[in-house]
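S.K.: The file below is protein_20.txt, compact mmCIF, N, CA and C atoms and all ligand atoms:
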```txt
# COMPACT_ATOMS: atom_id res chain seq x y z
N MET A 1 -18.84 -21.31 8.30
CA MET A 1 -17.93 -20.60 7.40
C MET A 1 -17.36 -19.36 8.09
N LYS A 2 -16.02 -19.23 7.99
CA LYS A 2 -15.36 -18.10 8.66
C LYS A 2 -14.87 -17.08 7.61
N ILE A 3 -15.37 -15.88 7.75
CA ILE A 3 -14.99 -14.81 6.82
C ILE A 3 -14.52 -13.60 7.62
N ILE A 4 -13.42 -13.03 7.19
CA ILE A 4 -12.94 -11.80 7.85
C ILE A 4 -13.06 -10.62 6.88
N ILE A 5 -13.46 -9.48 7.43
CA ILE A 5 -13.44 -8.22 6.69
C ILE A 5 -12.24 -7.43 7.21
N ILE A 6 -11.37 -7.04 6.29
CA ILE A 6 -10.17 -6.29 6.66
C ILE A 6 -10.23 -4.92 5.98
N ASN A 7 -10.22 -3.90 6.78
CA ASN A 7 -10.25 -2.53 6.25
C ASN A 7 -8.91 -1.84 6.50
N GLY A 8 -8.46 -1.11 5.50
CA GLY A 8 -7.19 -0.41 5.58
C GLY A 8 -7.32 1.03 6.03
N PRO A 9 -6.32 1.83 5.68
CA PRO A 9 -6.17 3.17 6.26
C PRO A 9 -7.34 4.11 5.99
N ASN A 10 -7.66 4.86 7.01
CA ASN A 10 -8.68 5.92 7.00
C ASN A 10 -10.11 5.39 7.01
N LEU A 11 -10.27 4.08 6.92
CA LEU A 11 -11.63 3.54 6.92
C LEU A 11 -12.22 3.51 8.33
N ASN A 12 -11.39 3.74 9.33
CA ASN A 12 -11.90 3.94 10.70
C ASN A 12 -12.70 5.25 10.78
N LEU A 13 -12.52 6.11 9.78
CA LEU A 13 -13.23 7.41 9.79
C LEU A 13 -14.56 7.36 9.05
N LEU A 14 -14.96 6.17 8.60
CA LEU A 14 -16.24 6.09 7.86
C LEU A 14 -17.36 6.69 8.68
N GLY A 15 -18.21 7.45 8.00
CA GLY A 15 -19.28 8.17 8.69
C GLY A 15 -18.95 9.64 8.85
N LYS A 16 -17.63 9.91 8.97
CA LYS A 16 -17.17 11.31 9.13
C LYS A 16 -16.37 11.76 7.92
N ARG A 17 -15.72 10.79 7.26
CA ARG A 17 -14.77 11.11 6.20
C ARG A 17 -15.49 11.26 4.86
N GLU A 18 -15.31 12.41 4.20
CA GLU A 18 -15.85 12.64 2.86
C GLU A 18 -17.19 11.90 2.66
N PRO A 19 -18.22 12.28 3.42
CA PRO A 19 -19.49 11.53 3.37
C PRO A 19 -20.13 11.51 1.99
N GLU A 20 -19.81 12.50 1.15
CA GLU A 20 -20.39 12.50 -0.21
C GLU A 20 -19.85 11.34 -1.03
N ILE A 21 -18.68 10.81 -0.65
CA ILE A 21 -18.11 9.65 -1.36
C ILE A 21 -18.37 8.36 -0.58
N TYR A 22 -18.16 8.42 0.74
CA TYR A 22 -18.14 7.18 1.52
C TYR A 22 -19.37 6.97 2.40
N GLY A 23 -20.32 7.93 2.38
CA GLY A 23 -21.55 7.76 3.14
C GLY A 23 -21.45 8.24 4.57
N THR A 24 -22.55 8.09 5.30
CA THR A 24 -22.63 8.65 6.66
C THR A 24 -22.67 7.57 7.75
N ALA A 25 -22.68 6.31 7.34
CA ALA A 25 -22.74 5.23 8.35
C ALA A 25 -21.34 4.90 8.85
N THR A 26 -21.25 4.53 10.13
CA THR A 26 -19.96 4.04 10.64
C THR A 26 -19.84 2.57 10.26
N PHE A 27 -18.59 2.10 10.13
CA PHE A 27 -18.45 0.69 9.76
C PHE A 27 -18.91 -0.22 10.89
N GLU A 28 -18.72 0.23 12.12
CA GLU A 28 -19.11 -0.59 13.28
C GLU A 28 -20.61 -0.88 13.23
N ASP A 29 -21.43 0.15 12.93
CA ASP A 29 -22.88 -0.06 12.85
C ASP A 29 -23.22 -0.97 11.68
N TYR A 30 -22.56 -0.73 10.56
CA TYR A 30 -22.83 -1.55 9.37
C TYR A 30 -22.44 -3.01 9.63
N PHE A 31 -21.32 -3.20 10.35
CA PHE A 31 -20.85 -4.57 10.64
C PHE A 31 -21.89 -5.33 11.46
N ILE A 32 -22.51 -4.65 12.42
CA ILE A 32 -23.56 -5.30 13.23
C ILE A 32 -24.70 -5.76 12.32
N SER A 33 -25.08 -4.91 11.35
CA SER A 33 -26.18 -5.30 10.45
C SER A 33 -25.77 -6.50 9.58
N LEU A 34 -24.50 -6.59 9.23
CA LEU A 34 -24.03 -7.75 8.46
C LEU A 34 -24.11 -9.02 9.30
N GLN A 35 -23.70 -8.90 10.57
CA GLN A 35 -23.76 -10.07 11.46
C GLN A 35 -25.19 -10.55 11.63
N GLU A 36 -26.13 -9.58 11.71
CA GLU A 36 -27.54 -9.94 11.87
C GLU A 36 -28.10 -10.61 10.60
N LYS A 37 -27.59 -10.15 9.47
CA LYS A 37 -28.09 -10.67 8.19
C LYS A 37 -27.52 -12.05 7.86
N PHE A 38 -26.22 -12.25 8.15
CA PHE A 38 -25.56 -13.51 7.78
C PHE A 38 -25.26 -14.31 9.05
N THR A 39 -26.33 -14.82 9.66
CA THR A 39 -26.15 -15.50 10.95
C THR A 39 -25.39 -16.82 10.81
N ALA A 40 -25.39 -17.39 9.60
CA ALA A 40 -24.69 -18.67 9.42
C ALA A 40 -23.19 -18.48 9.19
N VAL A 41 -22.77 -17.22 9.06
CA VAL A 41 -21.36 -16.93 8.79
C VAL A 41 -20.71 -16.39 10.07
N GLU A 42 -19.53 -16.94 10.37
CA GLU A 42 -18.76 -16.38 11.49
C GLU A 42 -17.94 -15.21 10.95
N LEU A 43 -18.43 -14.01 11.20
CA LEU A 43 -17.81 -12.81 10.62
C LEU A 43 -16.89 -12.14 11.64
N THR A 44 -15.71 -11.78 11.18
CA THR A 44 -14.75 -11.06 12.02
C THR A 44 -14.40 -9.76 11.30
N TYR A 45 -14.09 -8.73 12.08
CA TYR A 45 -13.72 -7.44 11.49
C TYR A 45 -12.38 -6.97 12.05
N PHE A 46 -11.52 -6.50 11.14
CA PHE A 46 -10.22 -5.95 11.56
C PHE A 46 -9.95 -4.69 10.75
N GLN A 47 -9.48 -3.66 11.40
CA GLN A 47 -9.10 -2.42 10.69
C GLN A 47 -7.75 -1.94 11.20
N SER A 48 -6.91 -1.50 10.27
CA SER A 48 -5.66 -0.87 10.68
C SER A 48 -5.25 0.19 9.67
N ASN A 49 -4.56 1.19 10.19
CA ASN A 49 -3.98 2.22 9.33
C ASN A 49 -2.53 1.88 8.96
N ILE A 50 -2.06 0.73 9.45
CA ILE A 50 -0.64 0.39 9.33
C ILE A 50 -0.46 -0.78 8.35
N GLU A 51 0.33 -0.56 7.32
CA GLU A 51 0.50 -1.55 6.25
C GLU A 51 0.92 -2.92 6.79
N GLY A 52 1.93 -2.93 7.67
CA GLY A 52 2.45 -4.21 8.19
C GLY A 52 1.39 -4.96 8.99
N GLU A 53 0.52 -4.23 9.67
CA GLU A 53 -0.53 -4.92 10.44
C GLU A 53 -1.54 -5.58 9.51
N LEU A 54 -1.76 -4.98 8.35
CA LEU A 54 -2.68 -5.59 7.37
C LEU A 54 -2.05 -6.87 6.81
N ILE A 55 -0.73 -6.84 6.60
CA ILE A 55 -0.02 -8.04 6.14
C ILE A 55 -0.06 -9.11 7.23
N ASP A 56 0.18 -8.71 8.48
CA ASP A 56 0.16 -9.68 9.59
C ASP A 56 -1.18 -10.37 9.72
N ILE A 57 -2.28 -9.63 9.61
CA ILE A 57 -3.60 -10.25 9.78
C ILE A 57 -3.88 -11.19 8.61
N LEU A 58 -3.43 -10.83 7.41
CA LEU A 58 -3.61 -11.74 6.26
C LEU A 58 -2.86 -13.05 6.52
N HIS A 59 -1.64 -12.97 7.07
CA HIS A 59 -0.88 -14.18 7.40
C HIS A 59 -1.60 -15.00 8.47
N GLU A 60 -2.17 -14.29 9.44
CA GLU A 60 -2.83 -14.95 10.58
C GLU A 60 -4.04 -15.78 10.15
N VAL A 61 -4.87 -15.19 9.29
CA VAL A 61 -6.12 -15.87 8.91
C VAL A 61 -5.96 -16.70 7.64
N GLY A 62 -4.89 -16.45 6.90
CA GLY A 62 -4.80 -16.87 5.51
C GLY A 62 -4.63 -18.34 5.24
N PHE A 63 -4.49 -19.16 6.32
CA PHE A 63 -4.42 -20.60 6.12
C PHE A 63 -5.54 -21.29 6.88
N GLU A 64 -6.49 -20.48 7.35
CA GLU A 64 -7.54 -21.02 8.22
C GLU A 64 -8.94 -20.58 7.80
N TYR A 65 -9.08 -19.31 7.43
CA TYR A 65 -10.42 -18.78 7.11
C TYR A 65 -10.88 -19.22 5.72
N ASP A 66 -12.20 -19.22 5.53
CA ASP A 66 -12.76 -19.60 4.24
C ASP A 66 -12.74 -18.44 3.25
N GLY A 67 -12.67 -17.23 3.76
CA GLY A 67 -12.64 -16.09 2.86
C GLY A 67 -12.20 -14.82 3.58
N ALA A 68 -11.60 -13.92 2.82
CA ALA A 68 -11.24 -12.60 3.35
C ALA A 68 -11.75 -11.55 2.38
N ILE A 69 -12.34 -10.51 2.96
CA ILE A 69 -12.85 -9.38 2.17
C ILE A 69 -11.93 -8.21 2.52
N LEU A 70 -11.18 -7.76 1.54
CA LEU A 70 -10.12 -6.78 1.81
C LEU A 70 -10.38 -5.47 1.10
N ASN A 71 -10.58 -4.42 1.91
CA ASN A 71 -10.55 -3.06 1.36
C ASN A 71 -9.26 -2.44 1.89
N ALA A 72 -8.22 -2.54 1.08
CA ALA A 72 -6.91 -2.04 1.51
C ALA A 72 -6.82 -0.52 1.35
N ALA A 73 -7.94 0.10 0.93
CA ALA A 73 -8.03 1.56 0.79
C ALA A 73 -6.84 2.08 -0.02
N ALA A 74 -6.17 3.13 0.43
CA ALA A 74 -5.10 3.72 -0.38
C ALA A 74 -3.96 2.75 -0.65
N TYR A 75 -3.75 1.78 0.26
CA TYR A 75 -2.67 0.80 0.04
C TYR A 75 -2.95 -0.10 -1.17
N THR A 76 -4.21 -0.18 -1.58
CA THR A 76 -4.54 -0.94 -2.80
C THR A 76 -3.65 -0.49 -3.95
N HIS A 77 -3.44 0.83 -4.02
CA HIS A 77 -2.79 1.43 -5.18
C HIS A 77 -1.27 1.53 -5.04
N THR A 78 -0.76 1.15 -3.88
CA THR A 78 0.68 1.36 -3.62
C THR A 78 1.42 0.15 -3.08
N SER A 79 0.72 -0.82 -2.49
CA SER A 79 1.43 -1.79 -1.65
C SER A 79 1.72 -3.12 -2.35
N VAL A 80 2.98 -3.26 -2.77
CA VAL A 80 3.45 -4.54 -3.29
C VAL A 80 3.39 -5.59 -2.17
N GLY A 81 3.67 -5.15 -0.95
CA GLY A 81 3.69 -6.08 0.20
C GLY A 81 2.34 -6.71 0.46
N ILE A 82 1.27 -5.91 0.41
CA ILE A 82 -0.07 -6.48 0.65
C ILE A 82 -0.45 -7.37 -0.54
N GLY A 83 -0.11 -6.94 -1.74
CA GLY A 83 -0.37 -7.78 -2.91
C GLY A 83 0.32 -9.13 -2.80
N ASP A 84 1.58 -9.13 -2.36
CA ASP A 84 2.32 -10.39 -2.19
C ASP A 84 1.70 -11.25 -1.09
N ALA A 85 1.21 -10.60 -0.03
CA ALA A 85 0.58 -11.36 1.07
C ALA A 85 -0.68 -12.06 0.56
N VAL A 86 -1.47 -11.36 -0.24
CA VAL A 86 -2.69 -11.95 -0.79
C VAL A 86 -2.32 -13.15 -1.68
N LYS A 87 -1.23 -13.00 -2.42
CA LYS A 87 -0.76 -14.09 -3.30
C LYS A 87 -0.25 -15.29 -2.49
N GLY A 88 0.33 -14.99 -1.33
CA GLY A 88 1.02 -16.03 -0.56
C GLY A 88 0.13 -16.87 0.34
N ILE A 89 -1.12 -16.47 0.54
CA ILE A 89 -1.99 -17.22 1.45
C ILE A 89 -2.94 -18.12 0.66
N ASN A 90 -3.57 -19.04 1.38
CA ASN A 90 -4.51 -19.97 0.73
C ASN A 90 -5.94 -19.43 0.70
N THR A 91 -6.29 -18.63 1.70
CA THR A 91 -7.65 -18.10 1.81
C THR A 91 -7.95 -17.20 0.61
N PRO A 92 -9.07 -17.46 -0.09
CA PRO A 92 -9.41 -16.56 -1.21
C PRO A 92 -9.78 -15.16 -0.70
N VAL A 93 -9.32 -14.17 -1.43
CA VAL A 93 -9.53 -12.77 -1.03
C VAL A 93 -10.38 -12.07 -2.09
N VAL A 94 -11.43 -11.38 -1.65
CA VAL A 94 -12.20 -10.52 -2.55
C VAL A 94 -11.83 -9.07 -2.23
N GLU A 95 -11.37 -8.37 -3.25
CA GLU A 95 -11.04 -6.94 -3.09
C GLU A 95 -12.32 -6.13 -3.17
N VAL A 96 -12.48 -5.23 -2.22
CA VAL A 96 -13.70 -4.43 -2.15
C VAL A 96 -13.36 -2.95 -2.07
N HIS A 97 -14.19 -2.14 -2.74
CA HIS A 97 -14.12 -0.69 -2.56
C HIS A 97 -15.53 -0.14 -2.42
N ILE A 98 -15.66 0.84 -1.58
CA ILE A 98 -16.96 1.50 -1.36
C ILE A 98 -17.30 2.34 -2.60
N SER A 99 -16.32 3.10 -3.04
CA SER A 99 -16.54 3.97 -4.21
C SER A 99 -16.16 3.22 -5.48
N ASN A 100 -16.61 3.75 -6.61
CA ASN A 100 -16.21 3.18 -7.89
C ASN A 100 -14.86 3.77 -8.27
N VAL A 101 -13.80 3.08 -7.89
CA VAL A 101 -12.45 3.61 -8.10
C VAL A 101 -12.17 3.85 -9.58
N HIS A 102 -12.87 3.12 -10.45
CA HIS A 102 -12.63 3.26 -11.90
C HIS A 102 -13.15 4.59 -12.45
N ALA A 103 -14.02 5.23 -11.68
CA ALA A 103 -14.56 6.53 -12.11
C ALA A 103 -13.82 7.68 -11.43
N ARG A 104 -12.71 7.36 -10.77
CA ARG A 104 -12.01 8.38 -10.01
C ARG A 104 -10.61 8.67 -10.60
N GLU A 105 -9.71 9.20 -9.79
CA GLU A 105 -8.41 9.66 -10.30
C GLU A 105 -7.60 8.52 -10.91
N ASP A 106 -6.64 8.91 -11.75
CA ASP A 106 -5.78 7.92 -12.43
C ASP A 106 -5.04 7.03 -11.43
N PHE A 107 -4.56 7.63 -10.34
CA PHE A 107 -3.76 6.82 -9.42
C PHE A 107 -4.58 5.72 -8.76
N ARG A 108 -5.90 5.82 -8.82
CA ARG A 108 -6.75 4.76 -8.25
C ARG A 108 -7.02 3.63 -9.25
N GLN A 109 -6.46 3.75 -10.45
CA GLN A 109 -6.72 2.73 -11.47
C GLN A 109 -5.78 1.53 -11.33
N THR A 110 -4.74 1.69 -10.50
CA THR A 110 -3.81 0.58 -10.26
C THR A 110 -4.21 -0.15 -8.99
N SER A 111 -4.22 -1.49 -9.05
CA SER A 111 -4.42 -2.27 -7.83
C SER A 111 -3.36 -3.36 -7.76
N PHE A 112 -2.65 -3.39 -6.63
CA PHE A 112 -1.69 -4.48 -6.39
C PHE A 112 -2.38 -5.71 -5.80
N ILE A 113 -3.67 -5.55 -5.46
CA ILE A 113 -4.43 -6.67 -4.88
C ILE A 113 -5.10 -7.48 -5.99
N ALA A 114 -5.72 -6.76 -6.94
CA ALA A 114 -6.60 -7.40 -7.93
C ALA A 114 -5.99 -8.60 -8.66
N PRO A 115 -4.70 -8.54 -9.08
CA PRO A 115 -4.17 -9.70 -9.82
C PRO A 115 -4.16 -10.98 -9.00
N ASN A 116 -4.20 -10.84 -7.69
CA ASN A 116 -4.13 -12.03 -6.82
C ASN A 116 -5.46 -12.30 -6.12
N ALA A 117 -6.48 -11.50 -6.43
CA ALA A 117 -7.77 -11.64 -5.75
C ALA A 117 -8.66 -12.60 -6.52
N LYS A 118 -9.64 -13.14 -5.78
CA LYS A 118 -10.64 -14.00 -6.42
C LYS A 118 -11.54 -13.15 -7.31
N GLY A 119 -11.81 -11.93 -6.87
CA GLY A 119 -12.64 -11.01 -7.63
C GLY A 119 -12.58 -9.63 -7.00
N VAL A 120 -13.19 -8.68 -7.68
CA VAL A 120 -13.18 -7.28 -7.22
C VAL A 120 -14.61 -6.75 -7.26
N ILE A 121 -15.02 -6.09 -6.18
CA ILE A 121 -16.34 -5.46 -6.13
C ILE A 121 -16.13 -4.01 -5.72
N ALA A 122 -16.62 -3.08 -6.54
CA ALA A 122 -16.39 -1.67 -6.25
C ALA A 122 -17.59 -0.84 -6.66
N GLY A 123 -17.89 0.16 -5.86
CA GLY A 123 -18.83 1.18 -6.31
C GLY A 123 -20.25 1.06 -5.78
N PHE A 124 -20.49 0.11 -4.89
CA PHE A 124 -21.85 -0.08 -4.39
C PHE A 124 -22.02 0.44 -2.97
N GLY A 125 -21.16 1.37 -2.58
CA GLY A 125 -21.22 1.87 -1.21
C GLY A 125 -20.88 0.73 -0.25
N LEU A 126 -21.42 0.79 0.97
CA LEU A 126 -21.12 -0.26 1.94
C LEU A 126 -21.69 -1.61 1.48
N LYS A 127 -22.66 -1.55 0.60
CA LYS A 127 -23.24 -2.80 0.08
C LYS A 127 -22.20 -3.66 -0.63
N SER A 128 -21.10 -3.06 -1.06
CA SER A 128 -20.02 -3.83 -1.69
C SER A 128 -19.58 -4.97 -0.78
N TYR A 129 -19.56 -4.73 0.55
CA TYR A 129 -19.11 -5.78 1.49
C TYR A 129 -20.13 -6.93 1.52
N GLU A 130 -21.42 -6.56 1.49
CA GLU A 130 -22.47 -7.59 1.51
C GLU A 130 -22.38 -8.46 0.25
N LEU A 131 -22.15 -7.81 -0.88
CA LEU A 131 -22.02 -8.55 -2.14
C LEU A 131 -20.82 -9.48 -2.08
N ALA A 132 -19.76 -9.03 -1.43
CA ALA A 132 -18.56 -9.87 -1.29
C ALA A 132 -18.87 -11.09 -0.42
N ILE A 133 -19.62 -10.91 0.65
CA ILE A 133 -19.99 -12.06 1.49
C ILE A 133 -20.79 -13.05 0.65
N GLN A 134 -21.75 -12.50 -0.10
CA GLN A 134 -22.59 -13.38 -0.93
C GLN A 134 -21.76 -14.16 -1.93
N SER A 135 -20.68 -13.56 -2.40
CA SER A 135 -19.84 -14.25 -3.39
C SER A 135 -19.19 -15.51 -2.80
N PHE A 136 -19.06 -15.54 -1.46
CA PHE A 136 -18.47 -16.72 -0.82
C PHE A 136 -19.51 -17.80 -0.50
N LEU A 137 -20.80 -17.43 -0.58
CA LEU A 137 -21.84 -18.38 -0.13
C LEU A 137 -22.33 -19.27 -1.26
C1 LIG B 1 -11.44 3.08 -1.22
C2 LIG B 1 -10.92 3.72 -2.52
C3 LIG B 1 -9.46 4.09 -2.36
O1 LIG B 1 -8.98 4.65 -3.57
C4 LIG B 1 -9.31 5.10 -1.26
O2 LIG B 1 -7.95 5.41 -1.06
C5 LIG B 1 -9.94 4.69 0.02
C6 LIG B 1 -11.22 3.98 -0.03
C7 LIG B 1 -12.94 2.78 -1.31
O3 LIG B 1 -13.41 1.97 -0.51
O4 LIG B 1 -13.66 3.35 -2.14
O5 LIG B 1 -9.49 5.01 1.10
O6 LIG B 1 -10.77 1.85 -1.04
```
Rewrite the structure of this file - the entire thing - as C-alpha cells.
M.R.:
Amino acid sequence: MKIIIINGPNLNLLGKREPEIYGTATFEDYFISLQEKFTAVELTYFQSNIEGELIDILHEVGFEYDGAILNAAAYTHTSVGIGDAVKGINTPVVEVHISNVHAREDFRQTSFIAPNAKGVIAGFGLKSYELAIQSFL
C-alpha cells in the first residue's frame, strides 16, 4: 500500500514554530517513527510552502497512490485550487491538522479540502497523522 503525507506551508518549521500549539518534534524525526511503525506501508513525505507545488504533487500521486494524508496548513482555509485538486484525483485524501482547528480562530473554521476529503482528523498533535494512516488500513 502506497500512502503519501503532504504538508503545506510553515510545517517545515515543526519543532521550532509555536511549540505550545504544534509541539517540539520535527516532522522528519516523526516521519522516521511512522516508517518504523507501519513497515507494511510504503510511506512517502512531501512538504512545500508553495500552493502550486502542493497541487502538482496531488496530480502526480493522485491516480496511483492508495491514499494521501494532506495537511494543507493555512491553505486549507484559503485555497480553492487545492480543494479542486483533491476533488479531481482518484486517490482518497484524509485532511489532517495537528491542532484542533475547531477550537481556534474563526478563519480556521473554513476548509476547502474537507468537502472533497474522505475524512478529517484534527487536534491529536502529530498523532493525527498516525490515525490517518490507520484509517487507510
Ligand atoms: C494546521 C492548522 C492551520 O490552521 C494552520 O494554518 C497551520 C497548521 C494544523 O496542523 O494544526 O499551519 O493545519
S.K.: Which neighbours of A:Glu64 fall inside 7 Å, counting only N, CA and C atoms, when residues of the same chain fewer than 5 positions from it are skipped, and could you give them as a PyMOL selection string?
M.R.: chain A and resi 2+90-91
S.K.: Using the file's own x, y and z axes, so that the box edges lie along x, y and z, what centre and edge lengths in Å (one decimal) does a box around every listed atom of stretch 39-56 of chain A get when 4 Å is added on each side? Give it as JSON.
M.R.:
```
{"center_x": -11.9, "center_y": -8.2, "center_z": 9.1, "size_x": 36.8, "size_y": 28.9, "size_z": 13.9}
```
S.K.: Quick one: of A:Asn49, A:Asn10, A:Thr24, A:Asn116, who's nearest to ligand LIG 1 (chain B), counting only C-alpha atoms and all ligand atoms?
M.R.: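 The answer is A:Asn10, which sits nearest to ligand LIG 1 (chain B).
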S.K.: I need the residue nearest ligand LIG 1 (chain B) from this list: A:Leu54, A:Ala114, A:Ile3, A:Leu11. Use all atoms listed in the file for the distance.
M.R.: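 Nearest to ligand LIG 1 (chain B): A:Leu11.
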S.K.: Using only C-alpha atoms, find the one residue out of A:Ala103, A:Ala122, A:Ile6, A:Ile113 that sits nearest to A:His77.
M.R.: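 The shortest atom-to-atom distance to A:His77 comes from A:Ile113.
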S.K.: Can you list, as a list of chain:residue names, every protein, DNA or RNA residue that comes within 8 Å of A:Val120 when you count only C-alpha atoms, leaving out same-chain residues fewer than 5 positions away?
M.R.: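 Contacts, with the query itself left out: A:Val94, A:Glu95, A:Val96, A:Ala114.
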S.K.: From a backbone DSSP assignment, name each residue in chain A labelled alpha helix (DSSP H), as a compact mmCIF listing (two decimals) with N, CA and C atoms, keeping the file's coordinate frame.
M.R.:
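Output file out_23.txt follows:
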```
# COMPACT_ATOMS: atom_id res chain seq x y z
N PRO A 19 -18.22 12.28 3.42
CA PRO A 19 -19.49 11.53 3.37
C PRO A 19 -20.13 11.51 1.99
N GLU A 20 -19.81 12.50 1.15
CA GLU A 20 -20.39 12.50 -0.21
C GLU A 20 -19.85 11.34 -1.03
N ILE A 21 -18.68 10.81 -0.65
CA ILE A 21 -18.11 9.65 -1.36
C ILE A 21 -18.37 8.36 -0.58
N TYR A 22 -18.16 8.42 0.74
CA TYR A 22 -18.14 7.18 1.52
C TYR A 22 -19.37 6.97 2.40
N PHE A 27 -18.59 2.10 10.13
CA PHE A 27 -18.45 0.69 9.76
C PHE A 27 -18.91 -0.22 10.89
N GLU A 28 -18.72 0.23 12.12
CA GLU A 28 -19.11 -0.59 13.28
C GLU A 28 -20.61 -0.88 13.23
N ASP A 29 -21.43 0.15 12.93
CA ASP A 29 -22.88 -0.06 12.85
C ASP A 29 -23.22 -0.97 11.68
N TYR A 30 -22.56 -0.73 10.56
CA TYR A 30 -22.83 -1.55 9.37
C TYR A 30 -22.44 -3.01 9.63
N PHE A 31 -21.32 -3.20 10.35
CA PHE A 31 -20.85 -4.57 10.64
C PHE A 31 -21.89 -5.33 11.46
N ILE A 32 -22.51 -4.65 12.42
CA ILE A 32 -23.56 -5.30 13.23
C ILE A 32 -24.70 -5.76 12.32
N SER A 33 -25.08 -4.91 11.35
CA SER A 33 -26.18 -5.30 10.45
C SER A 33 -25.77 -6.50 9.58
N LEU A 34 -24.50 -6.59 9.23
CA LEU A 34 -24.03 -7.75 8.46
C LEU A 34 -24.11 -9.02 9.30
N GLN A 35 -23.70 -8.90 10.57
CA GLN A 35 -23.76 -10.07 11.46
C GLN A 35 -25.19 -10.55 11.63
N GLU A 36 -26.13 -9.58 11.71
CA GLU A 36 -27.54 -9.94 11.87
C GLU A 36 -28.10 -10.61 10.60
N LYS A 37 -27.59 -10.15 9.47
CA LYS A 37 -28.09 -10.67 8.19
C LYS A 37 -27.52 -12.05 7.86
N GLU A 51 0.33 -0.56 7.32
CA GLU A 51 0.50 -1.55 6.25
C GLU A 51 0.92 -2.92 6.79
N GLY A 52 1.93 -2.93 7.67
CA GLY A 52 2.45 -4.21 8.19
C GLY A 52 1.39 -4.96 8.99
N GLU A 53 0.52 -4.23 9.67
CA GLU A 53 -0.53 -4.92 10.44
C GLU A 53 -1.54 -5.58 9.51
N LEU A 54 -1.76 -4.98 8.35
CA LEU A 54 -2.68 -5.59 7.37
C LEU A 54 -2.05 -6.87 6.81
N ILE A 55 -0.73 -6.84 6.60
CA ILE A 55 -0.02 -8.04 6.14
C ILE A 55 -0.06 -9.11 7.23
N ASP A 56 0.18 -8.71 8.48
CA ASP A 56 0.16 -9.68 9.59
C ASP A 56 -1.18 -10.37 9.72
N ILE A 57 -2.28 -9.63 9.61
CA ILE A 57 -3.60 -10.25 9.78
C ILE A 57 -3.88 -11.19 8.61
N LEU A 58 -3.43 -10.83 7.41
CA LEU A 58 -3.61 -11.74 6.26
C LEU A 58 -2.86 -13.05 6.52
N HIS A 59 -1.64 -12.97 7.07
CA HIS A 59 -0.88 -14.18 7.40
C HIS A 59 -1.60 -15.00 8.47
N GLU A 60 -2.17 -14.29 9.44
CA GLU A 60 -2.83 -14.95 10.58
C GLU A 60 -4.04 -15.78 10.15
N VAL A 61 -4.87 -15.19 9.29
CA VAL A 61 -6.12 -15.87 8.91
C VAL A 61 -5.96 -16.70 7.64
N VAL A 80 2.98 -3.26 -2.77
CA VAL A 80 3.45 -4.54 -3.29
C VAL A 80 3.39 -5.59 -2.17
N GLY A 81 3.67 -5.15 -0.95
CA GLY A 81 3.69 -6.08 0.20
C GLY A 81 2.34 -6.71 0.46
N ILE A 82 1.27 -5.91 0.41
CA ILE A 82 -0.07 -6.48 0.65
C ILE A 82 -0.45 -7.37 -0.54
N GLY A 83 -0.11 -6.94 -1.74
CA GLY A 83 -0.37 -7.78 -2.91
C GLY A 83 0.32 -9.13 -2.80
N ASP A 84 1.58 -9.13 -2.36
CA ASP A 84 2.32 -10.39 -2.19
C ASP A 84 1.70 -11.25 -1.09
N ALA A 85 1.21 -10.60 -0.03
CA ALA A 85 0.58 -11.36 1.07
C ALA A 85 -0.68 -12.06 0.56
N VAL A 86 -1.47 -11.36 -0.24
CA VAL A 86 -2.69 -11.95 -0.79
C VAL A 86 -2.32 -13.15 -1.68
N LYS A 87 -1.23 -13.00 -2.42
CA LYS A 87 -0.76 -14.09 -3.30
C LYS A 87 -0.25 -15.29 -2.49
N GLY A 88 0.33 -14.99 -1.33
CA GLY A 88 1.02 -16.03 -0.56
C GLY A 88 0.13 -16.87 0.34
N LYS A 127 -22.66 -1.55 0.60
CA LYS A 127 -23.24 -2.80 0.08
C LYS A 127 -22.20 -3.66 -0.63
N SER A 128 -21.10 -3.06 -1.06
CA SER A 128 -20.02 -3.83 -1.69
C SER A 128 -19.58 -4.97 -0.78
N TYR A 129 -19.56 -4.73 0.55
CA TYR A 129 -19.11 -5.78 1.49
C TYR A 129 -20.13 -6.93 1.52
N GLU A 130 -21.42 -6.56 1.49
CA GLU A 130 -22.47 -7.59 1.51
C GLU A 130 -22.38 -8.46 0.25
N LEU A 131 -22.15 -7.81 -0.88
CA LEU A 131 -22.02 -8.55 -2.14
C LEU A 131 -20.82 -9.48 -2.08
N ALA A 132 -19.76 -9.03 -1.43
CA ALA A 132 -18.56 -9.87 -1.29
C ALA A 132 -18.87 -11.09 -0.42
N ILE A 133 -19.62 -10.91 0.65
CA ILE A 133 -19.99 -12.06 1.49
C ILE A 133 -20.79 -13.05 0.65
N GLN A 134 -21.75 -12.50 -0.10
CA GLN A 134 -22.59 -13.38 -0.93
C GLN A 134 -21.76 -14.16 -1.93
N SER A 135 -20.68 -13.56 -2.40
CA SER A 135 -19.84 -14.25 -3.39
C SER A 135 -19.19 -15.51 -2.80
N PHE A 136 -19.06 -15.54 -1.46
CA PHE A 136 -18.47 -16.72 -0.82
C PHE A 136 -19.51 -17.80 -0.50
```
S.K.: Taking all atoms listed in the file into account, list the residues no farther than 8 Å from ligand LIG 1 (chain B), as a ChimeraX atom specification.
M.R.: /A:8-11,21-22,70-77,96-101,105,107-109,122-123,125
